[in-house]
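What's in model-v4.txt: compact mmCIF, N, CA and C atoms
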# COMPACT_ATOMS: atom_id res chain seq x y z
N MET Z 1 16.76 34.45 -26.42
CA MET Z 1 15.88 33.86 -25.43
C MET Z 1 16.54 32.58 -24.90
N THR Z 2 16.63 32.44 -23.60
CA THR Z 2 17.28 31.26 -23.01
C THR Z 2 16.24 30.32 -22.43
N ASP Z 3 16.55 29.07 -22.49
CA ASP Z 3 15.65 28.05 -21.96
C ASP Z 3 15.92 27.90 -20.46
N PRO Z 4 14.90 28.14 -19.61
CA PRO Z 4 15.13 28.06 -18.16
C PRO Z 4 15.42 26.63 -17.69
N PHE Z 5 15.11 25.64 -18.51
CA PHE Z 5 15.32 24.26 -18.10
C PHE Z 5 16.62 23.67 -18.64
N SER Z 6 17.33 24.43 -19.42
CA SER Z 6 18.59 23.91 -19.96
C SER Z 6 19.66 23.92 -18.87
N PHE Z 7 20.61 23.03 -19.00
CA PHE Z 7 21.68 22.92 -18.02
C PHE Z 7 22.68 24.06 -18.19
N LYS Z 8 22.99 24.68 -17.09
CA LYS Z 8 23.99 25.74 -17.08
C LYS Z 8 25.02 25.40 -16.01
N PRO Z 9 26.27 25.34 -16.33
CA PRO Z 9 27.28 24.92 -15.36
C PRO Z 9 27.37 25.81 -14.13
N ASN Z 10 27.01 27.04 -14.25
CA ASN Z 10 27.13 27.94 -13.10
C ASN Z 10 25.81 28.08 -12.33
N MET Z 11 24.88 27.12 -12.51
CA MET Z 11 23.58 27.20 -11.82
C MET Z 11 23.76 26.96 -10.33
N ASP Z 12 23.00 27.70 -9.53
CA ASP Z 12 23.02 27.52 -8.08
C ASP Z 12 21.88 26.57 -7.71
N ILE Z 13 22.21 25.32 -7.49
CA ILE Z 13 21.21 24.29 -7.19
C ILE Z 13 20.47 24.61 -5.90
N THR Z 14 21.17 25.13 -4.91
CA THR Z 14 20.49 25.42 -3.64
C THR Z 14 19.43 26.49 -3.81
N LYS Z 15 19.69 27.44 -4.67
CA LYS Z 15 18.70 28.51 -4.93
C LYS Z 15 17.49 27.93 -5.65
N ILE Z 16 17.74 27.05 -6.61
CA ILE Z 16 16.64 26.43 -7.35
C ILE Z 16 15.80 25.57 -6.41
N MET Z 17 16.45 24.79 -5.54
CA MET Z 17 15.72 23.93 -4.61
C MET Z 17 14.95 24.75 -3.60
N ALA Z 18 15.48 25.90 -3.19
CA ALA Z 18 14.77 26.75 -2.24
C ALA Z 18 13.50 27.32 -2.87
N GLU Z 19 13.56 27.59 -4.16
CA GLU Z 19 12.38 28.13 -4.84
C GLU Z 19 11.38 27.05 -5.23
N PHE Z 20 11.83 25.81 -5.23
CA PHE Z 20 10.95 24.71 -5.60
C PHE Z 20 9.94 24.47 -4.49
N ARG Z 21 8.68 24.54 -4.81
CA ARG Z 21 7.62 24.39 -3.82
C ARG Z 21 6.91 23.04 -3.99
N LEU Z 22 6.88 22.29 -2.91
CA LEU Z 22 6.13 21.03 -2.90
C LEU Z 22 4.73 21.31 -2.35
N PRO Z 23 3.77 20.53 -2.77
CA PRO Z 23 2.44 20.69 -2.17
C PRO Z 23 2.53 20.42 -0.67
N ALA Z 24 1.63 20.98 0.06
CA ALA Z 24 1.64 20.82 1.51
C ALA Z 24 1.53 19.34 1.86
N MET Z 25 2.42 18.89 2.69
CA MET Z 25 2.42 17.48 3.10
C MET Z 25 1.44 17.31 4.25
N PRO Z 26 0.71 16.20 4.25
CA PRO Z 26 -0.23 15.98 5.35
C PRO Z 26 0.52 15.69 6.64
N ASP Z 27 -0.16 15.91 7.73
CA ASP Z 27 0.39 15.60 9.04
C ASP Z 27 0.56 14.08 9.12
N MET Z 28 1.79 13.64 9.31
CA MET Z 28 2.07 12.21 9.28
C MET Z 28 1.36 11.46 10.41
N THR Z 29 1.16 12.10 11.54
CA THR Z 29 0.43 11.46 12.65
C THR Z 29 -1.02 11.22 12.24
N GLU Z 30 -1.63 12.22 11.62
CA GLU Z 30 -3.01 12.07 11.17
C GLU Z 30 -3.12 11.02 10.07
N LEU Z 31 -2.14 11.01 9.20
CA LEU Z 31 -2.12 10.02 8.13
C LEU Z 31 -2.00 8.60 8.70
N ALA Z 32 -1.15 8.44 9.70
CA ALA Z 32 -1.00 7.13 10.34
C ALA Z 32 -2.29 6.71 11.04
N LYS Z 33 -2.95 7.67 11.69
CA LYS Z 33 -4.23 7.37 12.35
C LYS Z 33 -5.27 6.95 11.33
N ALA Z 34 -5.31 7.63 10.20
CA ALA Z 34 -6.28 7.30 9.15
C ALA Z 34 -6.02 5.91 8.60
N GLN Z 35 -4.75 5.59 8.39
CA GLN Z 35 -4.42 4.26 7.89
C GLN Z 35 -4.75 3.17 8.91
N GLN Z 36 -4.56 3.49 10.19
CA GLN Z 36 -4.93 2.55 11.25
C GLN Z 36 -6.44 2.29 11.22
N LYS Z 37 -7.21 3.35 11.04
CA LYS Z 37 -8.67 3.20 10.95
C LYS Z 37 -9.06 2.38 9.73
N ASN Z 38 -8.36 2.58 8.62
CA ASN Z 38 -8.62 1.80 7.42
C ASN Z 38 -8.37 0.31 7.66
N LEU Z 39 -7.25 0.01 8.31
CA LEU Z 39 -6.93 -1.39 8.61
C LEU Z 39 -7.95 -1.99 9.57
N GLU Z 40 -8.38 -1.23 10.55
CA GLU Z 40 -9.40 -1.72 11.48
C GLU Z 40 -10.71 -1.99 10.76
N ALA Z 41 -11.08 -1.13 9.82
CA ALA Z 41 -12.31 -1.34 9.05
C ALA Z 41 -12.21 -2.59 8.18
N ILE Z 42 -11.08 -2.79 7.55
CA ILE Z 42 -10.88 -3.99 6.74
C ILE Z 42 -10.93 -5.24 7.61
N SER Z 43 -10.31 -5.16 8.78
CA SER Z 43 -10.32 -6.29 9.70
C SER Z 43 -11.74 -6.59 10.17
N ALA Z 44 -12.51 -5.55 10.49
CA ALA Z 44 -13.89 -5.74 10.92
C ALA Z 44 -14.73 -6.34 9.79
N ALA Z 45 -14.53 -5.86 8.58
CA ALA Z 45 -15.28 -6.40 7.43
C ALA Z 45 -14.92 -7.87 7.21
N ASN Z 46 -13.65 -8.20 7.37
CA ASN Z 46 -13.22 -9.60 7.23
C ASN Z 46 -13.86 -10.48 8.31
N ARG Z 47 -13.93 -9.96 9.54
CA ARG Z 47 -14.58 -10.73 10.62
C ARG Z 47 -16.04 -10.99 10.30
N VAL Z 48 -16.74 -9.95 9.82
CA VAL Z 48 -18.15 -10.10 9.47
C VAL Z 48 -18.30 -11.11 8.34
N ALA Z 49 -17.46 -11.02 7.34
CA ALA Z 49 -17.53 -11.96 6.21
C ALA Z 49 -17.23 -13.39 6.67
N LEU Z 50 -16.25 -13.54 7.55
CA LEU Z 50 -15.90 -14.87 8.06
C LEU Z 50 -17.05 -15.45 8.88
N GLU Z 51 -17.66 -14.64 9.72
CA GLU Z 51 -18.81 -15.10 10.49
C GLU Z 51 -19.94 -15.53 9.56
N GLY Z 52 -20.16 -14.77 8.51
CA GLY Z 52 -21.18 -15.12 7.53
C GLY Z 52 -20.86 -16.42 6.83
N ALA Z 53 -19.60 -16.59 6.45
CA ALA Z 53 -19.19 -17.82 5.77
C ALA Z 53 -19.36 -19.02 6.71
N ARG Z 54 -19.03 -18.82 7.99
CA ARG Z 54 -19.20 -19.89 8.97
C ARG Z 54 -20.67 -20.26 9.11
N ALA Z 55 -21.54 -19.24 9.17
CA ALA Z 55 -22.98 -19.50 9.29
C ALA Z 55 -23.51 -20.25 8.07
N VAL Z 56 -23.04 -19.86 6.89
CA VAL Z 56 -23.46 -20.55 5.66
C VAL Z 56 -22.98 -22.00 5.68
N ALA Z 57 -21.73 -22.21 6.07
CA ALA Z 57 -21.19 -23.57 6.10
C ALA Z 57 -21.94 -24.44 7.11
N GLU Z 58 -22.23 -23.88 8.29
CA GLU Z 58 -22.97 -24.64 9.30
C GLU Z 58 -24.37 -25.00 8.80
N ARG Z 59 -25.04 -24.03 8.19
CA ARG Z 59 -26.39 -24.30 7.69
C ARG Z 59 -26.34 -25.31 6.54
N HIS Z 60 -25.33 -25.20 5.71
CA HIS Z 60 -25.19 -26.15 4.61
C HIS Z 60 -24.99 -27.56 5.15
N MET Z 61 -24.18 -27.70 6.19
CA MET Z 61 -23.95 -29.01 6.80
C MET Z 61 -25.26 -29.55 7.39
N GLU Z 62 -26.04 -28.69 8.03
CA GLU Z 62 -27.34 -29.12 8.57
C GLU Z 62 -28.25 -29.62 7.44
N ILE Z 63 -28.25 -28.90 6.34
CA ILE Z 63 -29.08 -29.30 5.19
C ILE Z 63 -28.64 -30.65 4.65
N VAL Z 64 -27.33 -30.87 4.56
CA VAL Z 64 -26.81 -32.15 4.04
C VAL Z 64 -27.21 -33.28 4.99
N GLN Z 65 -27.04 -33.07 6.28
CA GLN Z 65 -27.41 -34.10 7.25
C GLN Z 65 -28.91 -34.41 7.18
N GLN Z 66 -29.71 -33.36 7.09
CA GLN Z 66 -31.16 -33.54 6.98
C GLN Z 66 -31.51 -34.30 5.70
N SER Z 67 -30.87 -33.96 4.61
CA SER Z 67 -31.14 -34.62 3.33
C SER Z 67 -30.77 -36.09 3.37
N VAL Z 68 -29.64 -36.41 4.00
CA VAL Z 68 -29.22 -37.81 4.10
C VAL Z 68 -30.24 -38.60 4.93
N ALA Z 69 -30.69 -38.03 6.04
CA ALA Z 69 -31.68 -38.70 6.88
C ALA Z 69 -32.99 -38.91 6.11
N GLU Z 70 -33.41 -37.90 5.36
CA GLU Z 70 -34.63 -38.03 4.57
C GLU Z 70 -34.47 -39.06 3.47
N MET Z 71 -33.30 -39.13 2.87
CA MET Z 71 -33.03 -40.11 1.81
C MET Z 71 -33.11 -41.52 2.39
N GLN Z 72 -32.54 -41.72 3.58
CA GLN Z 72 -32.60 -43.03 4.21
C GLN Z 72 -34.04 -43.44 4.49
N ASP Z 73 -34.84 -42.49 5.01
CA ASP Z 73 -36.26 -42.78 5.27
C ASP Z 73 -36.99 -43.12 3.98
N ALA Z 74 -36.69 -42.38 2.93
CA ALA Z 74 -37.37 -42.63 1.65
C ALA Z 74 -36.99 -44.01 1.10
N MET Z 75 -35.74 -44.39 1.24
CA MET Z 75 -35.31 -45.70 0.75
C MET Z 75 -35.99 -46.82 1.55
N ARG Z 76 -36.13 -46.61 2.85
CA ARG Z 76 -36.81 -47.61 3.67
C ARG Z 76 -38.27 -47.76 3.24
N SER Z 77 -38.92 -46.61 3.00
CA SER Z 77 -40.34 -46.67 2.62
C SER Z 77 -40.51 -47.29 1.23
N MET Z 78 -39.54 -47.09 0.35
CA MET Z 78 -39.62 -47.68 -0.99
C MET Z 78 -39.35 -49.19 -0.96
N ALA Z 79 -38.63 -49.61 0.06
CA ALA Z 79 -38.30 -51.04 0.14
C ALA Z 79 -39.49 -51.89 0.57
N LYS Z 80 -40.48 -51.24 1.17
CA LYS Z 80 -41.67 -51.98 1.61
C LYS Z 80 -42.47 -52.42 0.38
N PRO Z 81 -42.97 -53.64 0.43
CA PRO Z 81 -43.73 -54.11 -0.73
C PRO Z 81 -45.06 -53.37 -0.88
N SER Z 82 -45.34 -52.95 -2.11
CA SER Z 82 -46.61 -52.31 -2.45
C SER Z 82 -46.78 -52.42 -3.96
N ASP Z 83 -47.98 -52.05 -4.43
CA ASP Z 83 -48.21 -52.19 -5.87
C ASP Z 83 -47.48 -51.10 -6.66
N ALA Z 84 -47.33 -51.29 -7.93
CA ALA Z 84 -46.54 -50.41 -8.80
C ALA Z 84 -47.12 -49.00 -8.86
N GLN Z 85 -48.46 -48.91 -8.88
CA GLN Z 85 -49.09 -47.59 -8.98
C GLN Z 85 -48.83 -46.78 -7.71
N GLU Z 86 -48.90 -47.44 -6.57
CA GLU Z 86 -48.63 -46.76 -5.30
C GLU Z 86 -47.17 -46.32 -5.23
N GLN Z 87 -46.25 -47.19 -5.68
CA GLN Z 87 -44.83 -46.86 -5.71
C GLN Z 87 -44.57 -45.63 -6.61
N ALA Z 88 -45.20 -45.59 -7.77
CA ALA Z 88 -45.02 -44.47 -8.70
C ALA Z 88 -45.53 -43.17 -8.08
N ALA Z 89 -46.68 -43.25 -7.40
CA ALA Z 89 -47.23 -42.06 -6.75
C ALA Z 89 -46.30 -41.58 -5.63
N LYS Z 90 -45.76 -42.51 -4.84
CA LYS Z 90 -44.82 -42.15 -3.77
C LYS Z 90 -43.57 -41.48 -4.34
N ARG Z 91 -43.06 -42.06 -5.42
CA ARG Z 91 -41.85 -41.49 -6.05
C ARG Z 91 -42.11 -40.09 -6.59
N ALA Z 92 -43.24 -39.89 -7.21
CA ALA Z 92 -43.58 -38.56 -7.75
C ALA Z 92 -43.73 -37.55 -6.61
N GLU Z 93 -44.39 -37.94 -5.55
CA GLU Z 93 -44.56 -37.04 -4.39
C GLU Z 93 -43.22 -36.74 -3.74
N MET Z 94 -42.38 -37.76 -3.62
CA MET Z 94 -41.06 -37.58 -3.03
C MET Z 94 -40.20 -36.65 -3.90
N ALA Z 95 -40.27 -36.81 -5.21
CA ALA Z 95 -39.49 -35.96 -6.11
C ALA Z 95 -39.95 -34.51 -6.01
N LYS Z 96 -41.25 -34.31 -5.95
CA LYS Z 96 -41.79 -32.95 -5.83
C LYS Z 96 -41.36 -32.31 -4.51
N ALA Z 97 -41.52 -33.04 -3.42
CA ALA Z 97 -41.14 -32.51 -2.10
C ALA Z 97 -39.65 -32.22 -2.03
N THR Z 98 -38.84 -33.11 -2.62
CA THR Z 98 -37.39 -32.91 -2.62
C THR Z 98 -37.01 -31.67 -3.41
N TYR Z 99 -37.63 -31.48 -4.55
CA TYR Z 99 -37.34 -30.30 -5.38
C TYR Z 99 -37.72 -29.02 -4.64
N GLU Z 100 -38.91 -28.99 -4.06
CA GLU Z 100 -39.36 -27.78 -3.34
C GLU Z 100 -38.45 -27.47 -2.16
N ARG Z 101 -38.06 -28.51 -1.43
CA ARG Z 101 -37.18 -28.32 -0.29
C ARG Z 101 -35.81 -27.81 -0.74
N ALA Z 102 -35.29 -28.35 -1.83
CA ALA Z 102 -33.98 -27.93 -2.34
C ALA Z 102 -34.00 -26.47 -2.77
N VAL Z 103 -35.07 -26.07 -3.45
CA VAL Z 103 -35.18 -24.67 -3.86
C VAL Z 103 -35.24 -23.75 -2.64
N GLY Z 104 -36.02 -24.14 -1.65
CA GLY Z 104 -36.10 -23.35 -0.42
C GLY Z 104 -34.78 -23.25 0.30
N GLN Z 105 -34.06 -24.34 0.36
CA GLN Z 105 -32.76 -24.34 1.03
C GLN Z 105 -31.73 -23.52 0.27
N MET Z 106 -31.75 -23.59 -1.05
CA MET Z 106 -30.84 -22.76 -1.84
C MET Z 106 -31.14 -21.27 -1.63
N GLN Z 107 -32.41 -20.93 -1.56
CA GLN Z 107 -32.80 -19.54 -1.31
C GLN Z 107 -32.34 -19.09 0.08
N GLU Z 108 -32.48 -19.97 1.05
CA GLU Z 108 -32.04 -19.66 2.40
C GLU Z 108 -30.54 -19.41 2.45
N LEU Z 109 -29.77 -20.26 1.79
CA LEU Z 109 -28.31 -20.07 1.74
C LEU Z 109 -27.94 -18.79 1.00
N ALA Z 110 -28.64 -18.52 -0.09
CA ALA Z 110 -28.38 -17.29 -0.85
C ALA Z 110 -28.67 -16.05 0.00
N ASP Z 111 -29.74 -16.10 0.78
CA ASP Z 111 -30.07 -14.98 1.67
C ASP Z 111 -29.00 -14.79 2.73
N LEU Z 112 -28.50 -15.90 3.30
CA LEU Z 112 -27.42 -15.81 4.29
C LEU Z 112 -26.17 -15.16 3.69
N ILE Z 113 -25.82 -15.59 2.49
CA ILE Z 113 -24.64 -15.05 1.82
C ILE Z 113 -24.83 -13.56 1.52
N GLN Z 114 -26.00 -13.21 1.02
CA GLN Z 114 -26.28 -11.81 0.69
C GLN Z 114 -26.24 -10.93 1.94
N ARG Z 115 -26.81 -11.40 3.03
CA ARG Z 115 -26.82 -10.63 4.27
C ARG Z 115 -25.41 -10.43 4.79
N SER Z 116 -24.62 -11.49 4.77
CA SER Z 116 -23.24 -11.41 5.23
C SER Z 116 -22.42 -10.45 4.38
N SER Z 117 -22.55 -10.55 3.08
CA SER Z 117 -21.82 -9.66 2.17
C SER Z 117 -22.24 -8.22 2.37
N GLY Z 118 -23.53 -8.00 2.55
CA GLY Z 118 -24.04 -6.65 2.77
C GLY Z 118 -23.50 -6.03 4.04
N GLU Z 119 -23.43 -6.84 5.10
CA GLU Z 119 -22.90 -6.33 6.37
C GLU Z 119 -21.42 -5.98 6.25
N ALA Z 120 -20.66 -6.82 5.58
CA ALA Z 120 -19.23 -6.54 5.41
C ALA Z 120 -19.02 -5.30 4.55
N LEU Z 121 -19.79 -5.17 3.50
CA LEU Z 121 -19.68 -4.00 2.64
C LEU Z 121 -20.09 -2.74 3.37
N SER Z 122 -21.07 -2.84 4.23
CA SER Z 122 -21.53 -1.69 5.01
C SER Z 122 -20.41 -1.14 5.90
N VAL Z 123 -19.64 -2.04 6.50
CA VAL Z 123 -18.50 -1.61 7.33
C VAL Z 123 -17.51 -0.82 6.49
N LEU Z 124 -17.21 -1.32 5.30
CA LEU Z 124 -16.24 -0.64 4.43
C LEU Z 124 -16.80 0.69 3.91
N GLN Z 125 -18.08 0.72 3.57
CA GLN Z 125 -18.68 1.97 3.09
C GLN Z 125 -18.67 3.04 4.17
N LYS Z 126 -18.94 2.63 5.40
CA LYS Z 126 -18.92 3.59 6.52
C LYS Z 126 -17.53 4.19 6.67
N ARG Z 127 -16.50 3.35 6.61
CA ARG Z 127 -15.13 3.85 6.74
C ARG Z 127 -14.75 4.74 5.56
N PHE Z 128 -15.20 4.39 4.37
CA PHE Z 128 -14.91 5.21 3.20
C PHE Z 128 -15.51 6.60 3.37
N ALA Z 129 -16.75 6.67 3.86
CA ALA Z 129 -17.39 7.97 4.09
C ALA Z 129 -16.61 8.76 5.13
N GLU Z 130 -16.17 8.09 6.19
CA GLU Z 130 -15.38 8.78 7.22
C GLU Z 130 -14.07 9.29 6.63
N ALA Z 131 -13.42 8.48 5.80
CA ALA Z 131 -12.15 8.88 5.19
C ALA Z 131 -12.34 10.10 4.29
N MET Z 132 -13.44 10.12 3.55
CA MET Z 132 -13.71 11.29 2.69
C MET Z 132 -13.94 12.54 3.53
N ASP Z 133 -14.60 12.40 4.66
CA ASP Z 133 -14.78 13.54 5.56
C ASP Z 133 -13.44 14.00 6.11
N GLU Z 134 -12.56 13.05 6.42
CA GLU Z 134 -11.23 13.41 6.92
C GLU Z 134 -10.44 14.18 5.86
N VAL Z 135 -10.50 13.74 4.63
CA VAL Z 135 -9.80 14.42 3.54
C VAL Z 135 -10.37 15.82 3.36
N LYS Z 136 -11.68 15.92 3.41
CA LYS Z 136 -12.34 17.23 3.27
C LYS Z 136 -11.90 18.16 4.40
N ASN Z 137 -11.85 17.65 5.61
CA ASN Z 137 -11.42 18.47 6.75
C ASN Z 137 -9.96 18.87 6.62
N LEU Z 138 -9.12 17.98 6.11
CA LEU Z 138 -7.71 18.33 5.92
C LEU Z 138 -7.57 19.46 4.91
N SER Z 139 -8.34 19.39 3.84
CA SER Z 139 -8.22 20.43 2.81
C SER Z 139 -8.76 21.76 3.31
N THR Z 140 -9.81 21.75 4.14
CA THR Z 140 -10.32 23.01 4.67
C THR Z 140 -9.39 23.56 5.74
N ASP Z 141 -8.71 22.68 6.50
CA ASP Z 141 -7.76 23.13 7.51
C ASP Z 141 -6.56 23.82 6.84
N LYS Z 142 -6.13 23.31 5.70
CA LYS Z 142 -4.97 23.89 5.01
C LYS Z 142 -5.31 25.28 4.44
N LYS Z 143 -6.60 25.46 4.03
CA LYS Z 143 -6.99 26.74 3.46
C LYS Z 143 -7.11 27.82 4.54
N ALA Z 144 -7.49 27.40 5.73
CA ALA Z 144 -7.71 28.38 6.82
C ALA Z 144 -6.44 28.94 7.38

Let me see the file written as structure tokens.
Amino acid sequence: MTDPFSFKPNMDITKIMAEFRLPAMPDMTELAKAQQKNLEAISAANRVALEGARAVAERHMEIVQQSVAEMQDAMRSMAKPSDAQEQAAKRAEMAKATYERAVGQMQELADLIQRSSGEALSVLQKRFAEAMDEVKNLSTDKKA
């Protein structure tokens, strides 16, 4: 019994290569088109994410500016002479309002980030579904 994979000096390499079958290669034009679509989808998702990041940064800057203005007003009101009990009540009310506003603003920023991320992911998911359909169509075209 001889081993078909052992080296034999009189082997005809061209005959072996002719019998060697590679899997069907995809149409390179279609492959290039698919890759172009993939790059466009990634670019679109990046644009959406960048727009979302810009919106978050702008809103964050607005919140900071608003907070600084409110802090200045609070400091002015605290500087006015009044009795200790009134000052304590003002401070407690200011602390409560500041906390509630901060929680609301953090929630608002989190919602902006979540919406932006969801939109970017949606673009990629859509392209992934299209790519899977393309692969499915390629495999059915090869069988036909």

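Taking atom C of Ala131 in chain Z and atom N of Arg115 in chain Z as endpoints, the distance between them is 25.9 Å.
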
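Nearest to Ala129 in chain Z of all the residues Z:Asn46, Z:Gln72, Z:Asn38, Z:Ser116 is Z:Asn38, based on only C-alpha atoms.
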
Cut-off 8 Å: closest range 49-94 of chain Z/range 98-105 of chain Z atom pairs per residue, using only N, CA and C atoms, as a Markdown table:
| residue | atom | partner | partner_atom | distance |
| --- | --- | --- | --- | --- |
| Z:Ile63 | CA | Z:Gln105 | CA | 7.4 |
| Z:Ala92 | C | Z:Thr98 | N | 7.7 |
| Z:Glu93 | C | Z:Thr98 | N | 5.8 |
| Z:Met94 | C | Z:Thr98 | N | 4.0 |

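Note that atom N of Met61 in chain Z and atom C of Ala79 in chain Z are 29.2 Å apart.
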
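For the pair atom N of Met132 in chain Z and atom C of Ala120 in chain Z, the interatomic distance is 16.4 Å.
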
Per-residue DSSP, range 4-142 of chain Z, filtered to helix (DSSP H, G or I), as a PyMOL selection string: chain Z and resi 13-19+28-79+84-142

Nearby residues (only C-alpha atoms) at most 12 Å from Ala34 in chain Z, same-chain spacing under 6 positions excluded, as a compact mmCIF listing (two decimals) with N, CA and C atoms, in the coordinates of the input:
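Once everything was written out, this is selection_15.txt:
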# COMPACT_ATOMS: atom_id res chain seq x y z
N PRO Z 26 0.71 16.20 4.25
CA PRO Z 26 -0.23 15.98 5.35
C PRO Z 26 0.52 15.69 6.64
N ASP Z 27 -0.16 15.91 7.73
CA ASP Z 27 0.39 15.60 9.04
C ASP Z 27 0.56 14.08 9.12
N MET Z 28 1.79 13.64 9.31
CA MET Z 28 2.07 12.21 9.28
C MET Z 28 1.36 11.46 10.41
N GLU Z 40 -8.38 -1.23 10.55
CA GLU Z 40 -9.40 -1.72 11.48
C GLU Z 40 -10.71 -1.99 10.76
N ALA Z 41 -11.08 -1.13 9.82
CA ALA Z 41 -12.31 -1.34 9.05
C ALA Z 41 -12.21 -2.59 8.18
N ARG Z 127 -16.50 3.35 6.61
CA ARG Z 127 -15.13 3.85 6.74
C ARG Z 127 -14.75 4.74 5.56
N PHE Z 128 -15.20 4.39 4.37
CA PHE Z 128 -14.91 5.21 3.20
C PHE Z 128 -15.51 6.60 3.37
N GLU Z 130 -16.17 8.09 6.19
CA GLU Z 130 -15.38 8.78 7.22
C GLU Z 130 -14.07 9.29 6.63
N ALA Z 131 -13.42 8.48 5.80
CA ALA Z 131 -12.15 8.88 5.19
C ALA Z 131 -12.34 10.10 4.29
N MET Z 132 -13.44 10.12 3.55
CA MET Z 132 -13.71 11.29 2.69
C MET Z 132 -13.94 12.54 3.53
N ASP Z 133 -14.60 12.40 4.66
CA ASP Z 133 -14.78 13.54 5.56
C ASP Z 133 -13.44 14.00 6.11
N GLU Z 134 -12.56 13.05 6.42
CA GLU Z 134 -11.23 13.41 6.92
C GLU Z 134 -10.44 14.18 5.86
N VAL Z 135 -10.50 13.74 4.63
CA VAL Z 135 -9.80 14.42 3.54
C VAL Z 135 -10.37 15.82 3.36
N LEU Z 138 -9.12 17.98 6.11
CA LEU Z 138 -7.71 18.33 5.92
C LEU Z 138 -7.57 19.46 4.91
